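Reproduced below: my_file-v8.txt, with compact mmCIF, C-alpha atoms and all ligand atoms.
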```
# COMPACT_ATOMS: atom_id res chain seq x y z
CA MET A 41 123.66 92.76 77.63
CA CYS A 42 120.90 93.07 75.01
CA MET A 43 120.37 96.07 72.79
CA MET A 44 117.41 97.21 74.89
CA ASP A 45 119.67 97.47 77.95
CA ASN A 46 122.02 99.72 75.99
CA VAL A 47 119.16 101.95 75.00
CA VAL A 48 117.95 102.18 78.60
CA GLU A 49 121.44 103.05 79.84
CA ALA A 50 122.00 105.63 77.15
CA ALA A 51 118.64 107.25 77.87
CA TYR A 52 119.44 107.26 81.59
CA SER A 53 122.74 108.94 81.00
CA LEU A 54 121.15 111.70 78.91
CA ALA A 55 118.37 112.08 81.47
CA GLY A 56 120.99 112.35 84.19
CA GLU A 57 122.50 115.33 82.37
CA ARG A 58 119.15 117.07 82.13
CA TYR A 59 118.53 116.62 85.84
CA HIS A 60 122.09 117.57 86.67
CA GLU A 61 121.53 120.96 84.99
CA LEU A 62 118.84 121.54 87.60
CA GLY A 63 121.11 120.47 90.42
CA VAL A 64 119.43 117.06 90.84
CA ASP A 65 121.49 113.91 91.28
CA THR A 66 119.63 110.96 89.72
CA GLY A 67 121.95 108.39 91.30
CA ALA A 68 121.23 109.76 94.78
CA ALA A 69 117.48 109.80 94.06
CA LEU A 70 117.55 106.14 93.03
CA LYS A 71 119.47 105.22 96.17
CA ARG A 72 116.81 106.86 98.30
CA LEU A 73 114.04 105.19 96.32
CA ALA A 74 115.60 101.77 96.86
CA ASP A 75 115.35 102.33 100.63
CA ILE A 76 111.58 102.86 100.57
CA SER A 77 109.38 99.90 101.41
CA ILE A 78 105.70 100.04 100.61
CA SER A 79 103.25 97.68 102.28
CA LEU A 80 101.44 95.57 99.69
CA HIS A 81 97.87 94.84 100.79
CA CYS A 82 96.98 91.15 100.62
CA TRP A 83 93.29 91.95 100.17
CA GLN A 84 93.49 93.00 96.51
CA GLY A 85 94.31 89.38 95.70
CA ASP A 86 90.93 87.95 96.72
CA ASP A 87 88.56 90.95 96.81
CA VAL A 88 88.77 91.28 100.63
CA GLY A 89 87.19 87.86 101.17
CA GLY A 90 89.73 86.27 103.48
CA PHE A 91 90.03 82.58 104.28
CA GLU A 92 88.14 82.17 107.52
CA THR A 93 85.75 79.62 106.09
CA PRO A 94 85.65 78.09 102.60
CA ASP A 95 82.78 80.38 101.62
CA ALA A 96 84.16 83.58 103.14
CA SER A 97 83.33 86.71 101.22
CA LEU A 98 83.19 90.42 101.82
CA SER A 99 79.87 91.30 103.34
CA CYS A 100 78.42 94.53 104.63
CA GLY A 101 80.61 96.84 106.60
CA GLY A 102 81.32 100.04 104.77
CA ILE A 103 83.46 98.67 101.96
CA GLN A 104 82.67 96.73 98.83
CA ALA A 105 84.65 95.16 96.01
CA THR A 106 82.90 95.19 92.65
CA GLY A 107 83.60 93.05 89.61
CA ASN A 108 83.96 89.34 88.98
CA HIS A 109 87.12 88.97 86.98
CA PRO A 110 88.12 85.30 87.09
CA GLY A 111 91.19 84.00 88.89
CA LYS A 112 91.02 85.39 92.40
CA ALA A 113 93.12 83.65 95.03
CA ARG A 114 91.08 80.95 96.77
CA ASN A 115 93.44 80.12 99.58
CA VAL A 116 96.57 81.32 101.34
CA ASP A 117 98.92 79.47 98.98
CA GLU A 118 97.38 81.01 95.89
CA LEU A 119 97.43 84.45 97.47
CA ARG A 120 101.11 84.12 98.36
CA GLN A 121 101.93 82.89 94.88
CA ASP A 122 100.07 85.86 93.37
CA MET A 123 101.74 88.40 95.62
CA LEU A 124 105.17 86.98 94.87
CA LYS A 125 104.34 87.17 91.18
CA ALA A 126 103.33 90.80 91.55
CA LEU A 127 106.44 91.59 93.63
CA SER A 128 108.64 90.03 90.94
CA LEU A 129 107.42 92.77 88.59
CA ILE A 130 108.07 95.61 91.05
CA PRO A 131 111.51 97.03 91.89
CA GLY A 132 112.59 97.32 95.53
CA ARG A 133 112.09 95.46 98.82
CA HIS A 134 108.63 95.71 100.22
CA ARG A 135 106.26 94.66 102.96
CA VAL A 136 103.02 92.70 102.96
CA ASN A 137 99.97 93.97 104.79
CA LEU A 138 97.69 91.31 106.28
CA HIS A 139 94.20 91.32 107.74
CA ALA A 140 93.00 89.02 110.50
CA ILE A 141 90.76 87.09 108.07
CA TYR A 142 93.87 85.88 106.21
CA GLY A 143 95.14 83.66 109.01
CA GLU A 144 95.77 79.97 108.43
CA PHE A 145 92.92 78.37 110.30
CA GLY A 146 93.43 74.80 109.15
CA GLY A 147 89.86 74.42 107.93
CA ARG A 148 88.47 75.08 111.41
CA ARG A 149 86.12 77.91 112.28
CA VAL A 150 88.23 80.28 114.33
CA ASP A 151 86.20 83.27 115.40
CA ARG A 152 87.67 86.77 115.55
CA ASP A 153 87.98 86.61 119.32
CA GLN A 154 90.06 83.45 118.97
CA VAL A 155 92.52 84.48 116.27
CA ASP A 156 96.08 84.03 117.48
CA THR A 157 99.76 84.23 116.60
CA GLU A 158 99.77 80.54 115.64
CA HIS A 159 97.48 81.39 112.71
CA PHE A 160 100.10 83.76 111.37
CA SER A 161 103.29 81.82 111.95
CA GLY A 162 103.09 80.44 108.40
CA TRP A 163 102.94 83.99 107.09
CA VAL A 164 105.95 84.95 109.18
CA ASP A 165 107.94 81.99 107.85
CA TRP A 166 106.90 82.81 104.30
CA ALA A 167 107.85 86.46 104.75
CA ALA A 168 111.23 85.55 106.23
CA ALA A 169 111.93 83.12 103.38
CA ASN A 170 111.14 85.81 100.83
CA GLY A 171 112.89 88.76 102.48
CA LEU A 172 109.59 90.50 103.27
CA LYS A 173 108.32 92.29 106.37
CA LEU A 174 104.71 92.23 107.56
CA ASP A 175 102.04 94.64 108.78
CA MET A 176 98.69 93.77 110.31
CA ASN A 177 95.05 94.87 110.50
CA GLY A 178 92.21 93.73 112.70
CA THR A 179 89.13 92.79 110.64
CA PHE A 180 86.05 94.49 112.05
CA PHE A 181 83.76 93.81 109.09
CA SER A 182 82.20 90.81 107.28
CA HIS A 183 81.00 89.35 110.56
CA PRO A 184 77.63 88.83 112.29
CA MET A 185 78.87 90.91 115.25
CA ALA A 186 79.24 93.87 112.86
CA GLU A 187 75.82 93.55 111.31
CA THR A 188 74.17 96.37 113.27
CA GLY A 189 76.75 98.72 111.77
CA TYR A 190 78.56 99.18 115.08
CA THR A 191 81.54 97.30 116.53
CA LEU A 192 83.86 99.05 118.99
CA SER A 193 81.30 101.84 119.37
CA SER A 194 78.26 99.59 119.76
CA LYS A 195 75.88 100.36 122.59
CA ASP A 196 75.91 96.64 123.33
CA ALA A 197 78.70 95.93 125.82
CA GLY A 198 78.95 92.32 124.62
CA VAL A 199 79.59 93.43 121.06
CA ARG A 200 82.22 95.91 122.21
CA SER A 201 84.06 93.40 124.33
CA PHE A 202 84.09 90.88 121.46
CA TRP A 203 85.80 93.42 119.22
CA ILE A 204 88.10 94.68 121.98
CA GLU A 205 89.29 91.09 122.36
CA HIS A 206 89.81 90.88 118.60
CA ALA A 207 91.82 94.09 118.50
CA GLY A 208 94.01 92.93 121.37
CA ARG A 209 94.76 89.67 119.61
CA CYS A 210 95.57 91.40 116.33
CA ARG A 211 97.97 93.77 118.07
CA GLN A 212 99.61 90.76 119.67
CA ILE A 213 99.94 89.19 116.23
CA ALA A 214 101.49 92.41 114.92
CA ALA A 215 104.02 92.34 117.78
CA PHE A 216 104.78 88.71 116.93
CA MET A 217 105.38 89.62 113.27
CA GLY A 218 107.56 92.56 114.23
CA SER A 219 109.71 90.62 116.66
CA LYS A 220 110.11 87.55 114.43
CA LEU A 221 110.99 89.57 111.36
CA GLY A 222 113.02 92.25 113.12
CA SER A 223 110.96 95.11 111.74
CA THR A 224 108.20 97.02 113.53
CA ALA A 225 104.81 95.94 112.20
CA ILE A 226 102.12 98.59 111.96
CA HIS A 227 98.74 97.51 113.27
CA ASN A 228 96.12 99.66 111.62
CA LEU A 229 92.66 99.91 113.10
CA TRP A 230 89.69 100.78 110.94
CA VAL A 231 86.13 100.03 112.03
CA PRO A 232 83.08 100.44 109.79
CA ASP A 233 80.93 101.94 112.54
CA GLY A 234 78.31 104.37 111.40
CA SER A 235 74.82 104.68 110.04
CA LYS A 236 73.10 105.02 106.72
CA ASP A 237 70.78 107.72 107.90
CA LEU A 238 70.84 110.52 110.42
CA PRO A 239 71.69 109.31 113.89
CA ALA A 240 70.08 110.88 116.92
CA ASP A 241 73.09 110.23 119.10
CA ARG A 242 76.51 110.70 117.62
CA PHE A 243 78.09 111.63 120.90
CA SER A 244 77.59 108.35 122.73
CA HIS A 245 78.96 106.27 119.88
CA ARG A 246 82.08 108.40 119.78
CA ARG A 247 82.44 108.25 123.54
CA LEU A 248 82.12 104.47 123.38
CA LEU A 249 84.66 104.22 120.58
CA LYS A 250 87.10 106.28 122.61
CA GLU A 251 86.56 104.07 125.65
CA SER A 252 87.06 100.91 123.61
CA LEU A 253 90.27 102.29 122.16
CA ASP A 254 91.51 103.25 125.62
CA THR A 255 90.91 99.69 126.78
CA ILE A 256 92.63 98.21 123.73
CA TYR A 257 95.69 100.47 123.94
CA ALA A 258 96.09 100.07 127.68
CA VAL A 259 98.00 96.93 126.70
CA ARG A 260 101.48 98.11 125.73
CA HIS A 261 103.82 96.62 123.17
CA SER A 262 107.36 97.60 122.36
CA ASP A 263 107.76 100.10 119.51
CA ASN A 264 110.37 97.75 118.12
CA GLU A 265 107.70 95.13 117.62
CA MET A 266 104.57 97.04 116.70
CA LYS A 267 103.03 100.49 116.43
CA ASP A 268 99.36 101.44 116.25
CA ALA A 269 97.66 103.46 113.56
CA VAL A 270 94.02 104.58 113.52
CA GLU A 271 92.13 105.29 110.31
CA GLY A 272 89.20 107.63 109.86
CA LYS A 273 86.77 108.00 107.01
CA LEU A 274 84.22 110.45 105.71
CA PHE A 275 81.53 107.99 104.70
CA GLY A 276 81.15 104.41 103.55
CA ILE A 277 78.60 102.20 101.89
CA GLY A 278 75.82 101.98 104.45
CA SER A 279 77.40 104.69 106.60
CA GLU A 280 76.59 107.67 104.41
CA ALA A 281 75.15 109.89 107.13
CA PHE A 282 77.46 109.13 110.00
CA VAL A 283 80.87 107.56 110.53
CA VAL A 284 81.81 107.29 114.19
CA GLY A 285 85.54 107.22 113.46
CA SER A 286 85.72 110.37 111.40
CA HIS A 287 88.98 112.15 110.58
CA GLU A 288 88.60 114.59 113.45
CA PHE A 289 87.86 111.78 115.86
CA TYR A 290 90.99 109.83 115.05
CA MET A 291 93.19 112.85 114.58
CA GLY A 292 92.23 113.88 118.09
CA TYR A 293 92.71 110.38 119.41
CA ALA A 294 96.06 109.83 117.72
CA LEU A 295 97.49 113.15 118.87
CA ALA A 296 96.24 112.75 122.41
CA ASN A 297 97.48 109.18 122.72
CA GLY A 298 100.65 108.94 120.68
CA LYS A 299 99.17 106.82 117.88
CA LEU A 300 99.83 107.16 114.16
CA PRO A 301 97.02 108.87 112.27
CA CYS A 302 96.26 106.87 109.13
CA LEU A 303 95.28 109.08 106.20
CA ASP A 304 93.55 107.11 103.46
CA ALA A 305 93.70 109.07 100.21
CA GLY A 306 90.11 108.09 99.39
CA HIS A 307 88.57 109.05 102.73
CA PHE A 308 88.06 112.78 102.41
CA HIS A 309 85.83 115.25 100.62
CA PRO A 310 86.67 115.11 96.91
CA THR A 311 88.39 118.49 96.86
CA GLU A 312 90.52 117.67 99.89
CA THR A 313 93.76 115.79 99.38
CA VAL A 314 95.95 114.07 101.92
CA ALA A 315 98.95 115.94 100.52
CA ASP A 316 98.12 119.10 102.42
CA LYS A 317 97.47 117.21 105.64
CA ILE A 318 100.91 115.62 105.84
CA SER A 319 102.96 118.65 106.83
CA ALA A 320 100.18 119.76 109.16
CA LEU A 321 100.07 116.51 111.11
CA LEU A 322 103.83 116.05 111.12
CA GLN A 323 104.09 119.15 113.33
CA PHE A 324 102.34 117.19 116.05
CA CYS A 325 103.01 113.50 115.58
CA PRO A 326 106.28 111.73 114.93
CA GLU A 327 104.90 109.30 112.37
CA LEU A 328 101.98 108.82 110.01
CA LEU A 329 100.49 106.02 107.97
CA VAL A 330 99.21 106.84 104.49
CA HIS A 331 96.82 104.47 102.77
CA VAL A 332 97.62 104.96 99.12
CA SER A 333 94.32 104.70 97.32
CA ARG A 334 92.32 106.51 94.64
CA GLY A 335 88.85 107.85 95.19
CA VAL A 336 86.46 107.94 92.24
CA ARG A 337 83.15 109.59 93.12
CA TRP A 338 81.73 107.49 95.97
CA ASP A 339 84.36 104.77 95.80
CA SER A 340 87.48 105.26 97.82
CA ASP A 341 89.34 102.19 96.62
CA HIS A 342 90.19 102.35 92.93
CA VAL A 343 93.54 101.08 91.69
CA VAL A 344 96.25 103.67 92.29
CA ILE A 345 97.68 105.41 89.23
CA GLN A 346 100.02 108.40 88.86
CA SER A 347 97.34 110.95 89.59
CA ASP A 348 98.02 114.54 90.56
CA ASP A 349 96.89 113.68 94.08
CA LEU A 350 99.37 110.85 94.39
CA LEU A 351 102.21 112.96 93.09
CA ALA A 352 101.30 115.82 95.42
CA ALA A 353 101.28 113.48 98.43
CA MET A 354 104.67 111.98 97.57
CA GLN A 355 106.08 115.47 96.97
CA GLU A 356 104.87 116.57 100.38
CA ILE A 357 106.58 113.63 102.06
CA VAL A 358 109.86 114.25 100.24
CA ARG A 359 109.74 118.04 100.62
CA ALA A 360 109.13 117.60 104.35
CA ASP A 361 112.12 115.22 104.47
CA ALA A 362 109.74 112.76 106.09
CA LEU A 363 110.40 109.51 104.25
CA GLU A 364 111.36 107.97 107.58
CA ARG A 365 108.26 109.23 109.31
CA VAL A 366 105.53 108.38 106.81
CA HIS A 367 104.64 104.74 106.27
CA LEU A 368 103.09 103.90 102.93
CA ALA A 369 100.56 101.12 102.50
CA LEU A 370 98.47 100.47 99.42
CA ASP A 371 94.75 100.12 100.00
CA TYR A 372 92.39 99.41 97.13
CA PHE A 373 90.50 96.50 95.67
CA ASP A 374 89.28 96.11 92.14
CA ALA A 375 87.68 92.79 91.30
CA SER A 376 87.01 93.75 87.68
CA ILE A 377 90.55 93.40 86.30
CA ASN A 378 93.53 91.05 86.51
CA ARG A 379 94.38 91.29 90.19
CA ILE A 380 98.12 90.87 89.75
CA GLY A 381 97.88 93.69 87.22
CA ALA A 382 96.06 95.78 89.81
CA TYR A 383 98.85 95.20 92.32
CA VAL A 384 101.61 96.05 89.90
CA ILE A 385 99.94 99.17 88.51
CA GLY A 386 99.49 100.59 92.00
CA MET A 387 102.95 99.74 93.30
CA ARG A 388 104.76 100.93 90.21
CA ALA A 389 102.67 104.11 90.12
CA THR A 390 103.47 104.88 93.75
CA LEU A 391 107.17 104.27 93.22
CA LYS A 392 107.18 106.44 90.09
CA ALA A 393 105.44 109.23 91.97
CA LEU A 394 108.04 108.90 94.72
CA LEU A 395 110.80 109.00 92.13
CA ALA A 396 109.30 112.13 90.55
CA ALA A 397 109.28 113.71 94.01
CA LEU A 398 112.88 112.66 94.66
CA LEU A 399 113.94 114.14 91.31
CA GLU A 400 112.38 117.50 92.05
CA PRO A 401 114.76 120.47 92.39
CA THR A 402 113.17 121.28 95.73
CA ARG A 403 115.95 123.61 96.82
CA GLN A 404 115.60 125.74 93.69
CA LEU A 405 111.84 125.87 94.08
CA THR A 406 112.16 126.98 97.67
CA ALA A 407 114.80 129.57 96.76
CA LEU A 408 112.51 131.03 94.09
CA GLU A 409 109.68 131.14 96.59
CA GLU A 410 111.83 132.93 99.13
CA LYS A 411 112.70 135.53 96.48
CA ASN A 412 108.98 135.91 95.73
CA ASP A 413 109.67 134.80 92.19
CA ASN A 414 106.42 132.92 91.99
CA PHE A 415 106.19 133.00 88.22
CA ALA A 416 109.47 131.09 88.01
CA ARG A 417 108.38 128.71 90.80
CA LEU A 418 105.21 127.83 88.91
CA ALA A 419 107.05 127.54 85.60
CA LEU A 420 109.69 125.24 87.06
CA MET A 421 107.04 123.05 88.68
CA ASP A 422 105.25 122.73 85.37
CA GLU A 423 108.41 122.11 83.36
CA MET A 424 109.29 119.28 85.75
CA ARG A 425 106.35 117.35 84.33
CA ASN A 426 108.22 117.03 81.05
CA MET A 427 111.53 115.92 82.42
CA PRO A 428 112.70 112.42 81.41
CA LEU A 429 111.46 110.66 84.53
CA GLY A 430 110.67 107.54 82.50
CA ALA A 431 114.31 107.11 81.49
CA VAL A 432 115.39 107.17 85.15
CA TRP A 433 112.60 104.78 86.11
CA ASP A 434 113.51 102.35 83.30
CA TYR A 435 117.11 102.35 84.46
CA TYR A 436 115.99 101.66 88.03
CA CYS A 437 113.95 98.66 86.80
CA LEU A 438 116.89 97.43 84.74
CA GLN A 439 119.18 97.60 87.76
CA ALA A 440 116.57 95.87 89.92
CA GLY A 441 116.14 93.07 87.38
CA VAL A 442 112.41 93.68 86.87
CA PRO A 443 110.62 94.30 83.56
CA ILE A 444 111.16 97.68 81.92
CA GLY A 445 108.34 99.89 80.70
CA THR A 446 105.36 97.90 79.50
CA ASP A 447 107.26 94.61 79.39
CA TRP A 448 105.55 93.46 82.57
CA LEU A 449 102.15 93.41 80.86
CA GLU A 450 103.16 90.37 78.88
CA ASP A 451 104.38 88.68 82.03
CA ALA A 452 101.16 89.41 83.91
CA GLY A 453 99.11 88.26 80.91
CA ARG A 454 101.01 84.99 80.73
CA TYR A 455 100.46 84.41 84.45
CA GLU A 456 96.78 85.02 83.87
CA SER A 457 96.50 82.41 81.14
CA GLU A 458 98.83 79.88 82.73
CA VAL A 459 97.84 80.16 86.39
CA LEU A 460 94.80 82.34 87.08
CA SER A 461 92.56 81.04 84.34
CA GLY A 462 92.88 77.53 85.76
CA ARG A 463 91.11 78.61 88.95
CA GLY A 464 87.42 77.80 89.13
C1 LIG B 1 88.18 101.04 104.59
C2 LIG B 1 89.58 101.33 104.97
C3 LIG B 1 90.40 100.14 105.35
C4 LIG B 1 90.16 98.94 104.47
C5 LIG B 1 91.10 97.80 104.69
C6 LIG B 1 90.62 96.55 104.03
O1 LIG B 1 87.52 102.11 104.14
O2 LIG B 1 90.20 102.05 103.96
O3 LIG B 1 91.73 100.50 105.38
O4 LIG B 1 90.21 99.29 103.11
O5 LIG B 1 91.34 97.64 106.02
ZN ZN B 2 92.30 102.46 104.12
```

Before anything else, please render the file you have as structure tokens.
Ligand code: RNT
Ligand code: ZN
Amino acid sequence: MCMMDNVVEAAYSLAGERYHELGVDTGAALKRLADISISLHCWQGDDVGGFETPDASLSCGGIQATGNHPGKARNVDELRQDMLKALSLIPGRHRVNLHAIYGEFGGRRVDRDQVDTEHFSGWVDWAAANGLKLDMNGTFFSHPMAETGYTLSSKDAGVRSFWIEHAGRCRQIAAFMGSKLGSTAIHNLWVPDGSKDLPADRFSHRRLLKESLDTIYAVRHSDNEMKDAVEGKLFGIGSEAFVVGSHEFYMGYALANGKLPCLDAGHFHPTETVADKISALLQFCPELLVHVSRGVRWDSDHVVIQSDDLLAAMQEIVRADALERVHLALDYFDASINRIGAYVIGMRATLKALLAALLEPTRQLTALEEKNDNFARLALMDEMRNMPLGAVWDYYCLQAGVPIGTDWLEDAGRYESEVLSGRG
């Protein structure tokens, strides 16, 4: 044991006493934290380009990665290597979230209506070999059939049926992942459909989207293999005036059809937060998917940090005793910084926010509230910000065998100079 380890253990023990005074058991909190798996999004590793063709890149469709930091993954092997590097700097056992454009197509052009389980069997083997589970997303953007701005809600029946076929195949792939890896895969559906300027006919597009979804979900899969989530949005790039799949649309659809609403933290009006929506939706649906992201002005996909919004969302999940019911998946893409760094910042921030929530004296806060002692409730909430969370987190990292504190920066920097900088 090195001296640093002693310091971390001593700090943890003192921190434990501070939390104990408030009736919080740090050991129990760390046990609960270790049980939480977050889905790591593959698309941060290559700026949402995918590997369909050698020159694949993110093109129009409501989302955009900005920046040209060198070293992005150029193929599946590099992406896997990068994600494993990132995961080696993050405590816990996690999942990997894939998109249809990340299949292994063997250099052939495989269109979206042809994508199949065989293109993902390599991912399944890789996940199994590395103790990971997988989740899946259909890719309804960066494609000529999405160029009008409409996919599943297009007025063109041919366009709709192309994307319905795609969705069906991606759900099948999710079921394949879930059954092979013995852990339900979430298939999340997000389509970019909408328009830049005022539409004359919102109703028909929404009716068509609903019909397409009904057709897609008429095919049933076992819950043990896969579950469906649907993700709404307020606006996107090129869909500023109208998004067909708005929050209300998908909330209605999910509740009426037993699907998981997916709340993306960056997809609401700036003064709205997903935190407040969690306990509302959990009254009506058994499970939710949260896309952990960070909105900055018009961008909904900045790297996640320990913002107030993130902490509030994690507190809501813990306070509602809903860790089993809320699935967490990161969703952001920043092409302007070291991409492994981006992964690790977001994962560690989310875990730290969860830990802060797990270390909250929720029972005391509720008791104060029930006594109408709202001054004390507010004071205790604010004092919690200065509790030695970092000491508990460092100890967790020590136990998990991952770098403590800022030690991982050196590691990520070395990977950048030794591996990433060699990429053209
Ligand atoms: C887009 C949605 C969606 C995507 C990913 C790549 O606004 O948030 O979740 O970010 O599917
Ligand atoms: Zn999202």

- Please identify every polymer residue within 7 Å of ligand LIG 1 (chain B), using all atoms listed in the file, and present the set as an NGL selection string. :A and (83 or 88 or 102-103 or 177 or 230 or 271 or 273 or 276 or 304 or 331 or 371-372)

- Message: Measuring between all atoms listed in the file, which one of A:Ser223, A:Asn264, A:Ser235, A:Ser201 shows the shortest distance to Glu187 of chain A?
- Response: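 Closest candidate: A:Ser235.
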
Can you build me a table of chain A residues sitting at most 12 Å from ligand ZN 2 (chain B), with the closest atom pair per residue and its distance in Å to one decimal, using all atoms listed in the file, sorted by chain and residue number, as a tab-separated table?
```
residue	atom	partner	partner_atom	distance
A:His81	CA	B:ZN2	ZN	10.0
A:Trp83	CA	B:ZN2	ZN	11.3
A:Gly102	CA	B:ZN2	ZN	11.3
A:Ile103	CA	B:ZN2	ZN	9.9
A:Asn137	CA	B:ZN2	ZN	11.5
A:His139	CA	B:ZN2	ZN	11.9
A:Asn177	CA	B:ZN2	ZN	10.3
A:Asn228	CA	B:ZN2	ZN	8.9
A:Leu229	CA	B:ZN2	ZN	9.3
A:Trp230	CA	B:ZN2	ZN	7.5
A:Val231	CA	B:ZN2	ZN	10.3
A:Pro232	CA	B:ZN2	ZN	11.0
A:Ala269	CA	B:ZN2	ZN	10.9
A:Val270	CA	B:ZN2	ZN	9.8
A:Glu271	CA	B:ZN2	ZN	6.8
A:Gly272	CA	B:ZN2	ZN	8.3
A:Lys273	CA	B:ZN2	ZN	8.3
A:Leu274	CA	B:ZN2	ZN	11.5
A:Gly276	CA	B:ZN2	ZN	11.3
A:Pro301	CA	B:ZN2	ZN	11.4
A:Cys302	CA	B:ZN2	ZN	7.8
A:Leu303	CA	B:ZN2	ZN	7.6
A:Asp304	CA	B:ZN2	ZN	4.9
A:Ala305	CA	B:ZN2	ZN	7.8
A:Gly306	CA	B:ZN2	ZN	7.7
A:His307	CA	B:ZN2	ZN	7.7
A:Phe308	CA	B:ZN2	ZN	11.3
A:Leu329	CA	B:ZN2	ZN	9.7
A:Val330	CA	B:ZN2	ZN	8.2
A:His331	CA	B:ZN2	ZN	5.1
A:Val332	CA	B:ZN2	ZN	7.7
A:Ser333	CA	B:ZN2	ZN	7.4
A:Arg334	CA	B:ZN2	ZN	10.3
A:Gly335	CA	B:ZN2	ZN	11.0
A:Asp339	CA	B:ZN2	ZN	11.7
A:Ser340	CA	B:ZN2	ZN	8.4
A:Asp341	CA	B:ZN2	ZN	8.1
A:His342	CA	B:ZN2	ZN	11.4
A:Leu368	CA	B:ZN2	ZN	11.0
A:Ala369	CA	B:ZN2	ZN	8.5
A:Leu370	CA	B:ZN2	ZN	8.0
A:Asp371	CA	B:ZN2	ZN	5.3
A:Tyr372	CA	B:ZN2	ZN	7.6
A:Phe373	CA	B:ZN2	ZN	10.5
```

Show me, as JSON lines, the residues of segment 106-140 of chain A having an atom within 8 Å of segment 378-397 of chain A, each with the closest atom pair and its distance in Å, using all atoms listed in the file.
```
{"residue": "A:His109", "atom": "CA", "partner": "A:Asn378", "partner_atom": "CA", "distance": 6.8}
{"residue": "A:Pro110", "atom": "CA", "partner": "A:Asn378", "partner_atom": "CA", "distance": 7.9}
{"residue": "A:Gly111", "atom": "CA", "partner": "A:Asn378", "partner_atom": "CA", "distance": 7.8}
{"residue": "A:Lys112", "atom": "CA", "partner": "A:Arg379", "partner_atom": "CA", "distance": 7.1}
{"residue": "A:Asp122", "atom": "CA", "partner": "A:Ile380", "partner_atom": "CA", "distance": 6.5}
{"residue": "A:Met123", "atom": "CA", "partner": "A:Ile380", "partner_atom": "CA", "distance": 7.3}
{"residue": "A:Lys125", "atom": "CA", "partner": "A:Ile380", "partner_atom": "CA", "distance": 7.4}
{"residue": "A:Ala126", "atom": "CA", "partner": "A:Ile380", "partner_atom": "CA", "distance": 5.5}
{"residue": "A:Leu127", "atom": "CA", "partner": "A:Val384", "partner_atom": "CA", "distance": 7.6}
{"residue": "A:Leu129", "atom": "CA", "partner": "A:Val384", "partner_atom": "CA", "distance": 6.8}
{"residue": "A:Ile130", "atom": "CA", "partner": "A:Arg388", "partner_atom": "CA", "distance": 6.3}
{"residue": "A:Pro131", "atom": "CA", "partner": "A:Arg388", "partner_atom": "CA", "distance": 8.0}
```

- Query: With only C-alpha atoms as the atoms that count, which of A:Phe216, A:Tyr436, A:Trp203, A:Glu118 lies nearest to Ala74 of chain A?
  - Reply: A:Tyr436

- Task: Using atom CA of Gly189 of chain A and atom CA of Ile204 of chain A as the two end points, give the distance in Å to one decimal.
- Result: 15.8 Å

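Counting from atom CA of Lys236 of chain A, the distance to atom CA of Ser182 of chain A is 16.9 Å.
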
- Message: Between atom CA of Val284 of chain A and atom CA of Phe181 of chain A, what is the distance in Å, rounded to a tenth?
- Response: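 Spanning atom CA of Val284 of chain A to atom CA of Phe181 of chain A is a straight-line distance of 14.5 Å.
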
- Message: Which residues are near segment 150-157 of chain A? Cut-off 6 Å, all atoms listed in the file, ignore same chain within fewer than 5 positions. Put them as a PyMOL selection string.
- Response: chain A and resi 205-206+213

- Counting all atoms listed in the file, which of A:Arg135, A:Arg211, A:Arg149, A:Arg463 gets nearest to Met266 of chain A?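 Checking each candidate against Met266 of chain A, we get A:Arg211 as the closest.
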
- Note on the structure: Min atom-atom distance to Ala281 of chain A from the set A:Arg454, A:Arg58, A:Arg403, A:Arg242, counting all atoms listed in the file, belongs to A:Arg242

- Using all atoms listed in the file: which of A:Arg114, A:Leu350, A:Gly85, A:Ala140 has the shortest distance to Gly462 of chain A: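 Nearest candidate to Gly462 of chain A out of A:Arg114, A:Leu350, A:Gly85, A:Ala140: A:Arg114.
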
- Message: Residues near Leu322 of chain A, anyone? I mean within 12 Å using only C-alpha atoms, not counting same-chain ones fewer than 6 positions away, as a ChimeraX atom specification.
- Response: /A:291,294-295,300-301,315-316,328-329,356-357,360-366

- Message: Counting only C-alpha atoms, which residue out of A:Asp196, A:Phe91, A:Gly132, A:Leu172 sits closest to Glu144 of chain A?
- Response: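 Closest residue, counting only C-alpha atoms: A:Phe91.
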